[in-house]
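Below is coords-v1.cif, which holds mmCIF, C-alpha atoms and all ligand atoms.
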```cif
data_upload
#
loop_
_atom_site.label_atom_id
_atom_site.label_comp_id
_atom_site.auth_asym_id
_atom_site.auth_seq_id
_atom_site.Cartn_x
_atom_site.Cartn_y
_atom_site.Cartn_z
CA MET T 1 -19.21 -36.98 -34.85
CA PRO T 2 -19.10 -36.63 -31.06
CA ARG T 3 -22.49 -37.08 -29.52
CA TYR T 4 -23.89 -33.83 -28.23
CA ASN T 5 -26.53 -34.03 -25.60
CA PRO T 6 -27.30 -30.52 -24.36
CA ALA T 7 -30.02 -31.97 -22.12
CA MET T 8 -27.25 -33.02 -19.73
CA LEU T 9 -26.20 -29.40 -19.30
CA GLN T 10 -27.78 -27.66 -16.30
CA PRO T 11 -27.06 -23.91 -16.47
CA GLN T 12 -29.32 -23.43 -13.44
CA ARG T 13 -26.79 -25.42 -11.44
CA THR T 14 -24.08 -22.89 -12.41
CA ILE T 15 -26.23 -20.05 -11.08
CA ALA T 16 -26.89 -21.98 -7.86
CA GLU T 17 -23.15 -22.60 -7.48
CA LEU T 18 -22.32 -18.94 -8.09
CA LYS T 19 -24.68 -18.07 -5.25
CA GLU T 20 -23.18 -20.79 -3.07
CA LEU T 21 -19.70 -19.35 -3.67
CA ARG T 22 -20.98 -15.84 -2.92
CA GLU T 23 -22.37 -17.06 0.41
CA LEU T 24 -19.13 -18.83 1.26
CA THR T 25 -16.58 -16.17 0.25
CA GLY T 26 -18.42 -12.84 0.19
CA ASP T 27 -19.69 -10.42 2.80
CA ALA T 28 -21.89 -7.31 2.90
CA ASP T 29 -19.26 -5.44 0.82
CA GLY T 30 -18.97 -8.06 -1.92
CA ALA T 31 -16.63 -10.88 -2.97
CA GLN T 32 -13.43 -11.21 -0.91
CA ARG T 33 -11.52 -13.90 -2.80
CA VAL T 34 -8.28 -11.92 -3.09
CA ALA T 35 -5.49 -14.23 -4.27
CA PHE T 36 -3.13 -15.63 -1.62
CA THR T 37 -5.60 -14.97 1.22
CA PRO T 38 -7.47 -17.55 3.37
CA THR T 39 -10.78 -16.72 1.62
CA TRP T 40 -9.23 -17.53 -1.76
CA VAL T 41 -7.98 -20.83 -0.33
CA THR T 42 -11.53 -21.54 0.89
CA ALA T 43 -12.92 -20.85 -2.60
CA ARG T 44 -10.37 -23.13 -4.23
CA ARG T 45 -11.01 -25.91 -1.71
CA TRP T 46 -14.74 -25.59 -2.51
CA LEU T 47 -13.97 -25.88 -6.23
CA ARG T 48 -11.83 -28.99 -5.64
CA GLU T 49 -14.73 -30.59 -3.80
CA LYS T 50 -16.97 -29.95 -6.83
CA LEU T 51 -14.33 -31.41 -9.14
CA SER T 52 -13.95 -34.51 -6.96
CA HIS T 53 -17.30 -35.79 -8.29
CA LEU T 54 -15.96 -35.79 -11.86
CA PRO T 55 -13.66 -38.28 -13.61
CA VAL T 56 -10.88 -35.67 -13.82
CA VAL T 57 -7.31 -35.47 -12.59
CA VAL T 58 -6.65 -32.27 -10.62
CA HIS T 59 -3.23 -30.77 -10.06
CA ARG T 60 -1.61 -27.44 -9.29
CA ASP T 61 1.26 -26.21 -11.46
CA GLU T 62 4.41 -24.30 -10.45
CA ALA T 63 2.64 -20.93 -10.85
CA GLY T 64 -0.30 -21.91 -8.66
CA ASN T 65 -2.79 -22.49 -11.49
CA VAL T 66 -5.18 -25.38 -10.82
CA TRP T 67 -5.90 -27.76 -13.72
CA ALA T 68 -8.67 -30.35 -13.98
CA THR T 69 -8.03 -32.75 -16.85
CA LEU T 70 -10.65 -34.98 -18.49
CA LYS T 71 -8.66 -37.40 -20.60
CA GLY T 72 -9.82 -37.70 -24.20
CA VAL T 73 -9.07 -40.02 -27.11
CA SER T 74 -6.52 -37.52 -28.42
CA ASP T 75 -3.77 -35.86 -26.37
CA LYS T 76 -4.65 -32.58 -28.07
CA GLU T 77 -6.28 -30.34 -25.50
CA LEU T 78 -9.20 -27.96 -25.40
CA LEU T 79 -8.68 -25.54 -22.50
CA ILE T 80 -11.46 -23.66 -20.73
CA GLY T 81 -10.27 -21.00 -18.30
CA GLY T 82 -11.29 -18.57 -15.61
CA HIS T 83 -10.16 -17.19 -12.27
CA ILE T 84 -11.77 -17.74 -8.91
CA ASP T 85 -9.86 -14.84 -7.33
CA SER T 86 -11.57 -11.45 -7.06
CA VAL T 87 -10.72 -7.87 -6.22
CA PRO T 88 -11.55 -6.80 -2.63
CA ASN T 89 -15.26 -5.94 -2.41
CA GLY T 90 -15.70 -7.46 -5.85
CA GLY T 91 -18.70 -8.76 -7.75
CA TRP T 92 -20.22 -12.22 -7.76
CA LEU T 93 -19.45 -13.02 -11.43
CA ASP T 94 -16.07 -11.66 -12.51
CA GLY T 95 -13.80 -14.65 -13.05
CA CYS T 96 -15.85 -17.27 -11.23
CA LEU T 97 -18.62 -17.35 -13.85
CA ASN T 98 -15.94 -18.53 -16.30
CA VAL T 99 -14.73 -21.24 -13.92
CA LEU T 100 -18.18 -22.50 -12.93
CA ALA T 101 -19.59 -22.43 -16.47
CA GLY T 102 -16.47 -24.39 -17.50
CA LEU T 103 -17.16 -26.86 -14.67
CA GLU T 104 -20.69 -27.37 -15.98
CA VAL T 105 -19.41 -27.96 -19.52
CA LEU T 106 -16.89 -30.47 -18.14
CA ARG T 107 -19.75 -32.24 -16.31
CA ARG T 108 -21.83 -32.39 -19.49
CA ILE T 109 -18.93 -33.86 -21.48
CA ALA T 110 -18.08 -36.36 -18.72
CA SER T 111 -21.74 -37.39 -18.44
CA GLU T 112 -21.59 -38.83 -21.94
CA GLY T 113 -19.80 -41.81 -20.47
CA THR T 114 -17.20 -42.23 -23.22
CA PRO T 115 -13.93 -40.31 -23.41
CA PRO T 116 -14.26 -37.10 -25.48
CA ALA T 117 -12.49 -36.89 -28.84
CA VAL T 118 -9.90 -34.51 -27.40
CA THR T 119 -8.68 -33.98 -23.85
CA VAL T 120 -10.59 -31.21 -22.06
CA ARG T 121 -9.03 -29.16 -19.27
CA LEU T 122 -10.48 -26.57 -16.94
CA VAL T 123 -7.95 -24.09 -15.53
CA ASP T 124 -8.39 -21.77 -12.58
CA TRP T 125 -5.68 -19.17 -13.16
CA CYS T 126 -3.75 -17.98 -10.13
CA ASP T 127 -4.18 -14.29 -9.23
CA GLU T 128 -5.72 -12.83 -12.36
CA GLU T 129 -6.66 -9.59 -10.63
CA GLY T 130 -3.32 -8.68 -9.08
CA ALA T 131 -5.34 -6.89 -6.40
CA ARG T 132 -2.77 -7.35 -3.65
CA PHE T 133 0.50 -6.66 -5.46
CA GLY T 134 -0.67 -4.56 -8.41
CA ARG T 135 0.49 -7.13 -10.97
CA SER T 136 -2.40 -8.83 -12.76
CA LEU T 137 -2.36 -12.08 -14.80
CA PHE T 138 0.19 -13.75 -12.48
CA GLY T 139 -0.53 -17.40 -13.31
CA SER T 140 -1.37 -16.97 -16.99
CA SER T 141 1.70 -14.84 -17.68
CA ALA T 142 3.83 -17.58 -16.10
CA VAL T 143 2.64 -20.01 -18.79
CA SER T 144 2.98 -17.44 -21.61
CA GLY T 145 6.49 -16.37 -20.65
CA ALA T 146 5.63 -12.71 -19.98
CA PHE T 147 6.66 -13.20 -16.38
CA ASP T 148 9.75 -11.61 -14.89
CA PRO T 149 10.63 -13.14 -11.49
CA GLY T 150 13.14 -10.29 -10.95
CA GLU T 151 10.41 -7.65 -11.27
CA LEU T 152 7.89 -9.62 -9.21
CA ARG T 153 10.37 -10.13 -6.40
CA LYS T 154 10.39 -6.36 -5.76
CA LEU T 155 6.63 -6.11 -5.23
CA LYS T 156 5.21 -5.58 -1.74
CA ASP T 157 1.62 -5.44 -0.53
CA ARG T 158 0.15 -2.62 1.57
CA ASP T 159 1.43 -4.25 4.77
CA GLY T 160 4.96 -4.52 3.42
CA VAL T 161 4.78 -8.28 2.76
CA ALA T 162 6.97 -9.17 -0.22
CA LEU T 163 5.37 -11.15 -3.06
CA PRO T 164 7.73 -14.17 -2.79
CA ASP T 165 6.83 -14.53 0.91
CA ALA T 166 3.10 -14.23 0.21
CA VAL T 167 3.07 -16.88 -2.52
CA LYS T 168 5.36 -19.40 -0.80
CA PRO T 169 2.74 -20.81 1.61
CA HIS T 170 0.66 -21.52 -1.50
CA GLY T 171 3.32 -23.78 -2.94
CA ILE T 172 4.80 -21.24 -5.37
CA ASP T 173 8.53 -20.75 -5.74
CA LEU T 174 8.95 -17.63 -7.88
CA ASP T 175 12.05 -18.96 -9.61
CA ARG T 176 10.25 -22.09 -10.75
CA ALA T 177 6.90 -20.51 -11.72
CA THR T 178 7.67 -20.35 -15.44
CA GLU T 179 8.06 -24.14 -15.48
CA ALA T 180 4.26 -24.03 -15.66
CA ARG T 181 4.77 -23.34 -19.39
CA LYS T 182 4.75 -27.09 -19.99
CA GLU T 183 1.01 -27.04 -19.25
CA LEU T 184 0.42 -25.58 -22.73
CA LYS T 185 2.41 -28.29 -24.52
CA ASN T 186 -0.68 -29.95 -26.05
CA ALA T 187 -3.01 -26.94 -25.96
CA ALA T 188 -4.93 -26.71 -29.23
CA ALA T 189 -7.57 -24.12 -28.32
CA TYR T 190 -8.46 -21.89 -25.37
CA LEU T 191 -11.96 -20.64 -24.49
CA GLU T 192 -12.96 -18.13 -21.84
CA LEU T 193 -16.38 -16.84 -20.95
CA HIS T 194 -16.46 -13.52 -19.08
CA ILE T 195 -18.89 -10.81 -18.13
CA GLU T 196 -18.39 -7.82 -20.42
CA GLN T 197 -17.65 -5.37 -17.57
CA GLY T 198 -18.70 -2.56 -19.92
CA PRO T 199 -21.90 -1.04 -21.33
CA VAL T 200 -21.77 -2.06 -25.02
CA LEU T 201 -23.95 -5.21 -25.03
CA GLU T 202 -26.53 -3.73 -22.68
CA SER T 203 -26.81 -0.55 -24.77
CA LYS T 204 -27.47 -2.69 -27.86
CA GLN T 205 -29.86 -4.92 -25.88
CA LEU T 206 -27.81 -8.00 -26.75
CA PRO T 207 -27.26 -10.86 -24.29
CA MET T 208 -23.84 -11.93 -25.60
CA GLY T 209 -20.96 -11.10 -27.92
CA ALA T 210 -17.98 -12.84 -29.53
CA VAL T 211 -14.72 -11.16 -28.55
CA LEU T 212 -12.33 -10.19 -31.34
CA GLY T 213 -9.28 -9.80 -29.12
CA THR T 214 -7.87 -7.59 -26.40
CA PHE T 215 -6.88 -4.00 -27.02
CA GLY T 216 -3.28 -2.95 -27.26
CA VAL T 217 -2.36 -0.13 -24.90
CA GLU T 218 -0.04 2.90 -25.23
CA ARG T 219 0.26 4.66 -21.88
CA HIS T 220 2.27 7.87 -21.49
CA ALA T 221 2.83 10.82 -19.21
CA ILE T 222 3.01 14.15 -21.07
CA LYS T 223 4.52 17.21 -19.45
CA PHE T 224 3.95 20.76 -20.70
CA THR T 225 6.31 23.42 -19.38
CA GLY T 226 5.49 27.15 -19.59
CA GLN T 227 6.13 29.94 -17.12
CA ALA T 228 4.47 30.29 -13.72
CA ALA T 229 3.30 33.91 -13.32
CA HIS T 230 1.06 36.12 -11.20
CA SER T 231 -2.62 35.77 -12.09
CA GLY T 232 -3.26 39.49 -11.68
CA SER T 233 -0.23 41.14 -13.23
CA THR T 234 0.26 38.93 -16.30
CA PRO T 235 -1.88 40.00 -19.30
CA MET T 236 -3.35 37.15 -21.31
CA ALA T 237 -1.18 37.81 -24.36
CA HIS T 238 2.00 37.47 -22.26
CA ARG T 239 1.24 34.13 -20.69
CA ARG T 240 2.94 30.79 -21.31
CA ASP T 241 0.25 28.72 -19.65
CA ALA T 242 1.23 25.05 -19.39
CA LEU T 243 -2.33 24.01 -18.57
CA GLY T 244 -3.38 25.38 -21.98
CA GLY T 245 -1.36 22.51 -23.47
CA VAL T 246 -3.18 19.92 -21.36
CA SER T 247 -6.60 21.40 -22.09
CA LYS T 248 -6.11 21.49 -25.84
CA LEU T 249 -4.48 18.05 -25.99
CA HIS T 250 -7.26 16.51 -23.92
CA MET T 251 -9.84 17.70 -26.45
CA ALA T 252 -7.60 16.62 -29.37
CA VAL T 253 -7.18 13.03 -28.14
CA ARG T 254 -10.94 12.66 -27.79
CA ASP T 255 -11.25 13.49 -31.50
CA ILE T 256 -8.39 11.10 -32.33
CA ALA T 257 -10.17 8.26 -30.49
CA MET T 258 -13.47 8.98 -32.22
CA LYS T 259 -11.83 9.18 -35.65
CA HIS T 260 -10.12 5.78 -35.29
CA GLY T 261 -12.77 3.91 -33.32
CA GLY T 262 -10.44 3.44 -30.35
CA VAL T 263 -10.40 4.91 -26.85
CA CYS T 264 -8.20 7.65 -25.37
CA THR T 265 -8.34 8.59 -21.71
CA VAL T 266 -6.74 11.41 -19.77
CA GLY T 267 -7.03 10.04 -16.23
CA LYS T 268 -4.78 12.31 -14.23
CA VAL T 269 -3.64 15.94 -14.42
CA THR T 270 -1.27 17.68 -12.03
CA THR T 271 -0.25 21.33 -12.09
CA GLU T 272 2.55 23.42 -10.58
CA PRO T 273 2.51 25.63 -8.64
CA GLY T 274 -1.12 24.55 -8.36
CA ILE T 275 -2.48 27.59 -6.57
CA VAL T 276 -5.43 29.77 -7.38
CA THR T 277 -3.40 32.93 -8.03
CA ALA T 278 -0.78 31.61 -10.45
CA VAL T 279 -0.65 30.81 -14.14
CA VAL T 280 0.40 27.15 -14.42
CA GLY T 281 4.12 26.77 -15.07
CA GLU T 282 4.15 22.98 -15.36
CA ALA T 283 1.28 20.63 -16.18
CA GLU T 284 1.47 16.88 -16.51
CA MET T 285 -1.24 14.61 -17.88
CA THR T 286 -1.51 10.87 -18.36
CA LEU T 287 -2.76 9.47 -21.65
CA ASP T 288 -4.02 5.90 -22.08
CA GLN T 289 -4.75 4.93 -25.71
CA ARG T 290 -6.25 1.58 -26.76
CA HIS T 291 -7.10 -0.12 -30.02
CA LEU T 292 -7.37 -3.67 -31.35
CA ASP T 293 -5.34 -2.97 -34.51
CA PRO T 294 -1.61 -2.35 -33.88
CA ASN T 295 -1.30 -0.08 -36.93
CA VAL T 296 -4.26 2.05 -35.90
CA LEU T 297 -2.94 2.21 -32.34
CA ALA T 298 0.40 3.41 -33.71
CA ALA T 299 -1.41 6.04 -35.80
CA MET T 300 -3.40 7.21 -32.76
CA TYR T 301 -0.17 7.56 -30.80
CA LYS T 302 1.56 9.48 -33.60
CA GLU T 303 -1.39 11.83 -34.07
CA ALA T 304 -1.45 12.59 -30.35
CA ARG T 305 2.28 13.36 -30.39
CA ASP T 306 1.92 15.59 -33.45
CA ALA T 307 -1.01 17.38 -31.85
CA SER T 308 0.99 17.96 -28.66
CA GLU T 309 3.81 19.59 -30.63
CA ARG T 310 1.45 21.78 -32.62
CA ILE T 311 -0.30 22.84 -29.41
CA ALA T 312 3.01 23.54 -27.65
CA LYS T 313 3.92 25.91 -30.49
CA GLU T 314 0.55 27.67 -30.33
CA GLU T 315 0.86 28.11 -26.57
CA LYS T 316 4.58 29.01 -26.64
CA ILE T 317 5.31 26.19 -24.19
CA ASP T 318 7.43 23.00 -24.27
CA VAL T 319 6.24 19.42 -24.32
CA ALA T 320 7.94 16.14 -23.31
CA TRP T 321 6.61 12.58 -23.49
CA ARG T 322 7.50 9.69 -21.16
CA LYS T 323 6.37 6.12 -21.71
CA ILE T 324 4.62 4.51 -18.72
CA TRP T 325 3.56 1.15 -20.14
CA GLN T 326 2.68 -0.52 -23.39
CA ILE T 327 1.21 -3.83 -24.52
CA GLN T 328 0.44 -5.07 -27.99
CA PRO T 329 -3.10 -6.05 -29.05
CA PHE T 330 -3.92 -9.76 -28.98
CA PRO T 331 -6.32 -10.59 -31.82
CA PHE T 332 -8.14 -13.88 -31.27
CA HIS T 333 -8.31 -16.77 -33.76
CA PRO T 334 -10.65 -16.06 -36.72
CA ASP T 335 -12.03 -19.64 -36.87
CA LEU T 336 -12.78 -19.61 -33.16
CA ILE T 337 -14.37 -16.14 -33.42
CA ASP T 338 -16.69 -17.53 -36.13
CA MET T 339 -17.54 -20.51 -33.92
CA ALA T 340 -18.17 -18.24 -30.94
CA ASP T 341 -20.42 -16.04 -33.06
CA GLN T 342 -22.32 -19.08 -34.34
CA SER T 343 -22.72 -20.57 -30.83
CA ILE T 344 -24.14 -17.28 -29.55
CA LYS T 345 -26.57 -17.10 -32.48
CA GLU T 346 -27.76 -20.64 -31.80
CA VAL T 347 -28.46 -19.84 -28.15
CA CYS T 348 -29.49 -16.16 -28.20
CA GLY T 349 -30.77 -15.78 -31.79
CA VAL T 350 -28.46 -12.81 -32.34
CA SER T 351 -24.77 -12.08 -31.84
CA HIS T 352 -22.32 -9.21 -31.96
CA ARG T 353 -18.55 -8.97 -32.36
CA LEU T 354 -16.64 -6.64 -30.07
CA PRO T 355 -13.12 -6.05 -28.78
CA SER T 356 -12.17 -6.31 -25.13
CA GLY T 357 -10.92 -3.15 -23.43
CA PRO T 358 -9.77 -4.92 -20.27
CA LEU T 359 -7.00 -7.52 -20.41
CA HIS T 360 -7.85 -11.10 -19.48
CA ASP T 361 -5.97 -14.36 -18.95
CA ALA T 362 -7.02 -15.14 -22.54
CA ALA T 363 -4.58 -12.46 -23.75
CA GLU T 364 -1.67 -14.33 -22.15
CA VAL T 365 -2.75 -17.69 -23.60
CA CYS T 366 -3.07 -15.97 -26.98
CA ARG T 367 0.41 -14.49 -26.54
CA ALA T 368 1.68 -18.04 -25.98
CA GLY T 369 0.42 -18.89 -29.49
CA VAL T 370 -2.63 -20.98 -28.54
CA PRO T 371 -5.71 -20.28 -30.73
CA THR T 372 -7.97 -18.34 -28.38
CA VAL T 373 -11.41 -16.81 -28.18
CA MET T 374 -13.65 -15.27 -25.52
CA LEU T 375 -17.39 -14.95 -25.05
CA PHE T 376 -18.82 -11.89 -23.34
CA VAL T 377 -22.15 -11.86 -21.57
CA GLN T 378 -23.94 -8.60 -20.85
CA SER T 379 -23.12 -6.71 -17.63
CA LEU T 380 -25.99 -4.73 -16.12
CA ARG T 381 -25.11 -1.01 -16.00
CA GLY T 382 -21.70 -2.01 -17.35
CA ILE T 383 -20.41 -2.15 -13.77
CA SER T 384 -17.77 -4.56 -12.46
CA HIS T 385 -15.16 -4.78 -9.68
CA ASN T 386 -17.96 -3.72 -7.37
CA LYS T 387 -20.57 -5.55 -5.30
CA ILE T 388 -23.36 -4.22 -7.55
CA GLU T 389 -21.87 -6.10 -10.52
CA ASP T 390 -24.74 -8.16 -11.98
CA THR T 391 -26.09 -9.99 -15.02
CA LYS T 392 -29.66 -11.18 -15.66
CA GLU T 393 -30.05 -14.85 -14.74
CA GLU T 394 -31.52 -15.65 -18.15
CA HIS T 395 -28.36 -14.23 -19.71
CA LEU T 396 -26.16 -16.23 -17.36
CA GLU T 397 -28.01 -19.38 -18.44
CA MET T 398 -27.50 -18.46 -22.09
CA SER T 399 -23.81 -17.92 -21.47
CA VAL T 400 -23.36 -21.45 -20.07
CA ARG T 401 -25.22 -22.89 -23.07
CA ALA T 402 -23.18 -20.85 -25.54
CA LEU T 403 -19.88 -21.89 -23.90
CA ASP T 404 -20.99 -25.52 -24.12
CA ARG T 405 -21.84 -25.22 -27.81
CA LEU T 406 -18.58 -23.43 -28.48
CA ALA T 407 -16.66 -26.18 -26.64
CA THR T 408 -18.32 -28.81 -28.83
CA LYS T 409 -17.50 -26.93 -32.04
CA ALA T 410 -13.94 -26.26 -30.88
CA MET T 411 -13.39 -29.96 -30.09
CA GLU T 412 -14.47 -30.89 -33.61
CA TRP T 413 -12.23 -28.16 -35.01
CA VAL T 414 -9.24 -29.39 -32.99
CA THR T 415 -9.90 -32.95 -34.17
CA ARG T 416 -10.07 -31.83 -37.81
CA ARG T 417 -6.81 -29.90 -37.54
CA ALA T 418 -4.90 -32.71 -35.83
ZN ZN K 501 -12.03 -11.31 -14.65
#
```

Go through the file and emit its structure as structure tokens.
Amino acid sequence: MPRYNPAMLQPQRTIAELKELRELTGDADGAQRVAFTPTWVTARRWLREKLSHLPVVVHRDEAGNVWATLKGVSDKELLIGGHIDSVPNGGWLDGCLNVLAGLEVLRRIASEGTPPAVTVRLVDWCDEEGARFGRSLFGSSAVSGAFDPGELRKLKDRDGVALPDAVKPHGIDLDRATEARKELKNAAAYLELHIEQGPVLESKQLPMGAVLGTFGVERHAIKFTGQAAHSGSTPMAHRRDALGGVSKLHMAVRDIAMKHGGVCTVGKVTTEPGIVTAVVGEAEMTLDQRHLDPNVLAAMYKEARDASERIAKEEKIDVAWRKIWQIQPFPFHPDLIDMADQSIKEVCGVSHRLPSGPLHDAAEVCRAGVPTVMLFVQSLRGISHNKIEDTKEEHLEMSVRALDRLATKAMEWVTRRA
């Protein structure tokens, strides 16, 4: 049995380092560690300095991910991941809590003086947020294979700078980025701690939860076409009001989401001619549907389509669907979910299992076939990607302890499976 000495773990140090990073890379509007900017480079240099006090080998892969490797007895690897990049005017925890809690776990393992049973690696993923080019999970998708250099080459930032030109000074050649796949060669398990970024844990008054996986997404634009007509001269019975389709379908997809325990969101509606004195001739809505179970997600999608056709008939209008984007759900590894649940119970006394609505780097690692799990820690007010993003310090401390316990269990699990 590996020796486990939790006394060596200092979660308070993680909180102090989070504040140090906030001082160094934030301003009055929040965190400014946008990937491929000087502030991001500053944050990464600061992290390297922290790592230089540990017996780890640090290197950057072809996709710009930074890896710190603590060699173990076995070549099998336990990976702990996070992202030090932020959105503009971001919070002080999103992404960097994962990295700094992982750093503390690495310190605790290294402090034992003997090599761990398995190799342990901390990874700072490159550009998780995609804040500058609108493409998130840059570095982690390069290792999973869901990375299309041809598509990425077309992306430009707000100032017209092309992505390949922005990443080049950071040592990234787009055509070689997927060579970073080799980093997962010996990966046996992947752990990621993250703030929840939603209201579920807070509403249940729970500090932490074990994450079941990331939602799959079906995203469509739906256009209803009726007949634009004068608002005064067209009696109600004679109208073919395209907005009637949107209104009814919006209410229907809320019921569909409730029925299946998923989420459905109508985020945008546009109407033509869009004036106060005309019945709407054309109305388009977006629909974003999410669920953890691919079959249920497929059922939610089908029910929404069926509802749209029924509604179109009722309203004497036409309906057409166009796919915007889609991603499959990534369910995490059942053994690791159990271990995550157990670790949380040991630290917090109580746990909860929940899916993740947002995508995370963990989804890409999971896609690559590495057994994966995440821990969520409560977000105050459920707010993130904003400078008011916050978590109680006692909960942050618990999250570092739970990640450490999970790492210990996962190392034993990896050893047993080898
Ligand atoms: Zn994040």

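Note that the spacing between atom CA of T:Met339 and atom CA of T:Ser356 amounts to 17.5 Å.
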
If you count all atoms listed in the file, which residues end up within 7 Å of ligand ZN 501 (chain K), as a short mmCIF file (atom, residue, chain, number, x, y, z; two decimals) with C-alpha atoms, in the frame of the given file?
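Done, and the output landed in part03.cif:
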```
data_model
loop_
_atom_site.label_atom_id
_atom_site.label_comp_id
_atom_site.auth_asym_id
_atom_site.auth_seq_id
_atom_site.Cartn_x
_atom_site.Cartn_y
_atom_site.Cartn_z
CA HIS T 83 -10.16 -17.19 -12.27
CA ASP T 94 -16.07 -11.66 -12.51
CA GLY T 95 -13.80 -14.65 -13.05
CA GLU T 128 -5.72 -12.83 -12.36
CA GLU T 129 -6.66 -9.59 -10.63
CA HIS T 194 -16.46 -13.52 -19.08
CA HIS T 360 -7.85 -11.10 -19.48
#
```

Within 12 Å of stretch 138-161 of chain T, which residues of stretch 1-60 of chain T come that close, and what is the closest atom pair and distance in Å for each? Count all atoms listed in the file and give it as JSON lines.
```
{"residue": "T:Ala35", "atom": "CA", "partner": "T:Phe138", "partner_atom": "CA", "distance": 10.0}
{"residue": "T:Phe36", "atom": "CA", "partner": "T:Asp157", "partner_atom": "CA", "distance": 11.3}
{"residue": "T:Arg60", "atom": "CA", "partner": "T:Gly139", "partner_atom": "CA", "distance": 10.9}
```

Task: Which residue of T:Val373, T:Ile15, T:Leu354, T:Leu292 approaches T:Gly198 most closely, using all atoms listed in the file - done: T:Leu354

TODO: Could you pull out every residue with an atom within 10 Å of (-18.4, -30.5, -21.9), file coordinates, counting all atoms listed in the file, and send them as a PyMOL selection string?
DONE: chain T and resi 4-6+8-9+70+80+101-112+116+120-121+403-408+411

Task: Option closest in space to T:Glu23, from T:Lys268, T:Thr39, T:Asn186, T:Leu249 [counting all atoms listed in the file] - done: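 Smallest distance to T:Glu23 is found for T:Thr39.
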
Task: Within 8 Å of stretch 225-233 of chain T using only C-alpha atoms, minus same-chain residues under 5 positions, as a PyMOL selection string - done: chain T and resi 239-242+272-273+277-283+316-319

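Across the structure, atom CA of T:Glu77 and atom CA of T:Val118 are spaced 5.8 Å apart.
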
Task: Residue neighbourhood stretch 378-393 of chain T, 6 Å, all atoms listed in the file, exclusion window fewer than 6 positions, as a count of residues only - done: 12

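With distances taken over all atoms listed in the file, T:Ser399 is the one residue among T:Ser308, T:Thr42, T:Thr114, T:Ser399 lying closest to T:Glu192.
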
- [ ] Grab the atom CA of T:Arg322 to atom CA of T:Lys223 distance for me, in Å with one decimal place.
- [x]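 Separation of atom CA of T:Arg322 and atom CA of T:Lys223: 8.3 Å.
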
Missing atoms in stretch 116-128 of chain T should be modelled up to N, CA and C atoms and reported as a PDB file, in the coordinates of the input.
```pdb
ATOM      1  N   PRO T 116     -14.061 -38.053 -24.381  1.00  0.00           N
ATOM      2  CA  PRO T 116     -14.260 -37.100 -25.480  1.00  0.00           C
ATOM      3  C   PRO T 116     -13.178 -37.276 -26.542  1.00  0.00           C
ATOM      4  N   ALA T 117     -13.441 -36.740 -27.723  1.00  0.00           N
ATOM      5  CA  ALA T 117     -12.490 -36.890 -28.840  1.00  0.00           C
ATOM      6  C   ALA T 117     -11.134 -36.266 -28.504  1.00  0.00           C
ATOM      7  N   VAL T 118     -11.167 -35.131 -27.816  1.00  0.00           N
ATOM      8  CA  VAL T 118      -9.900 -34.510 -27.400  1.00  0.00           C
ATOM      9  C   VAL T 118      -9.938 -34.321 -25.885  1.00  0.00           C
ATOM     10  N   THR T 119      -8.773 -34.193 -25.291  1.00  0.00           N
ATOM     11  CA  THR T 119      -8.680 -33.980 -23.850  1.00  0.00           C
ATOM     12  C   THR T 119      -9.214 -32.586 -23.510  1.00  0.00           C
ATOM     13  N   VAL T 120     -10.006 -32.496 -22.462  1.00  0.00           N
ATOM     14  CA  VAL T 120     -10.590 -31.210 -22.060  1.00  0.00           C
ATOM     15  C   VAL T 120     -10.064 -30.845 -20.683  1.00  0.00           C
ATOM     16  N   ARG T 121      -9.608 -29.589 -20.559  1.00  0.00           N
ATOM     17  CA  ARG T 121      -9.030 -29.160 -19.270  1.00  0.00           C
ATOM     18  C   ARG T 121      -9.651 -27.830 -18.829  1.00  0.00           C
ATOM     19  N   LEU T 122     -10.005 -27.813 -17.563  1.00  0.00           N
ATOM     20  CA  LEU T 122     -10.480 -26.570 -16.940  1.00  0.00           C
ATOM     21  C   LEU T 122      -9.318 -26.002 -16.138  1.00  0.00           C
ATOM     22  N   VAL T 123      -9.036 -24.702 -16.325  1.00  0.00           N
ATOM     23  CA  VAL T 123      -7.950 -24.090 -15.530  1.00  0.00           C
ATOM     24  C   VAL T 123      -8.479 -22.905 -14.727  1.00  0.00           C
ATOM     25  N   ASP T 124      -8.138 -22.922 -13.454  1.00  0.00           N
ATOM     26  CA  ASP T 124      -8.390 -21.770 -12.580  1.00  0.00           C
ATOM     27  C   ASP T 124      -7.060 -21.038 -12.440  1.00  0.00           C
ATOM     28  N   TRP T 125      -6.939 -19.923 -13.168  1.00  0.00           N
ATOM     29  CA  TRP T 125      -5.680 -19.170 -13.160  1.00  0.00           C
ATOM     30  C   TRP T 125      -5.423 -18.572 -11.782  1.00  0.00           C
ATOM     31  N   CYS T 126      -4.149 -18.500 -11.436  1.00  0.00           N
ATOM     32  CA  CYS T 126      -3.750 -17.980 -10.130  1.00  0.00           C
ATOM     33  C   CYS T 126      -3.591 -16.452 -10.199  1.00  0.00           C
ATOM     34  N   ASP T 127      -4.297 -15.746  -9.359  1.00  0.00           N
ATOM     35  CA  ASP T 127      -4.180 -14.290  -9.230  1.00  0.00           C
ATOM     36  C   ASP T 127      -4.296 -13.544 -10.555  1.00  0.00           C
ATOM     37  N   GLU T 128      -5.470 -13.617 -11.151  1.00  0.00           N
ATOM     38  CA  GLU T 128      -5.720 -12.830 -12.360  1.00  0.00           C
ATOM     39  C   GLU T 128      -5.739 -11.347 -12.039  1.00  0.00           C
TER      40      GLU T 128
END
```
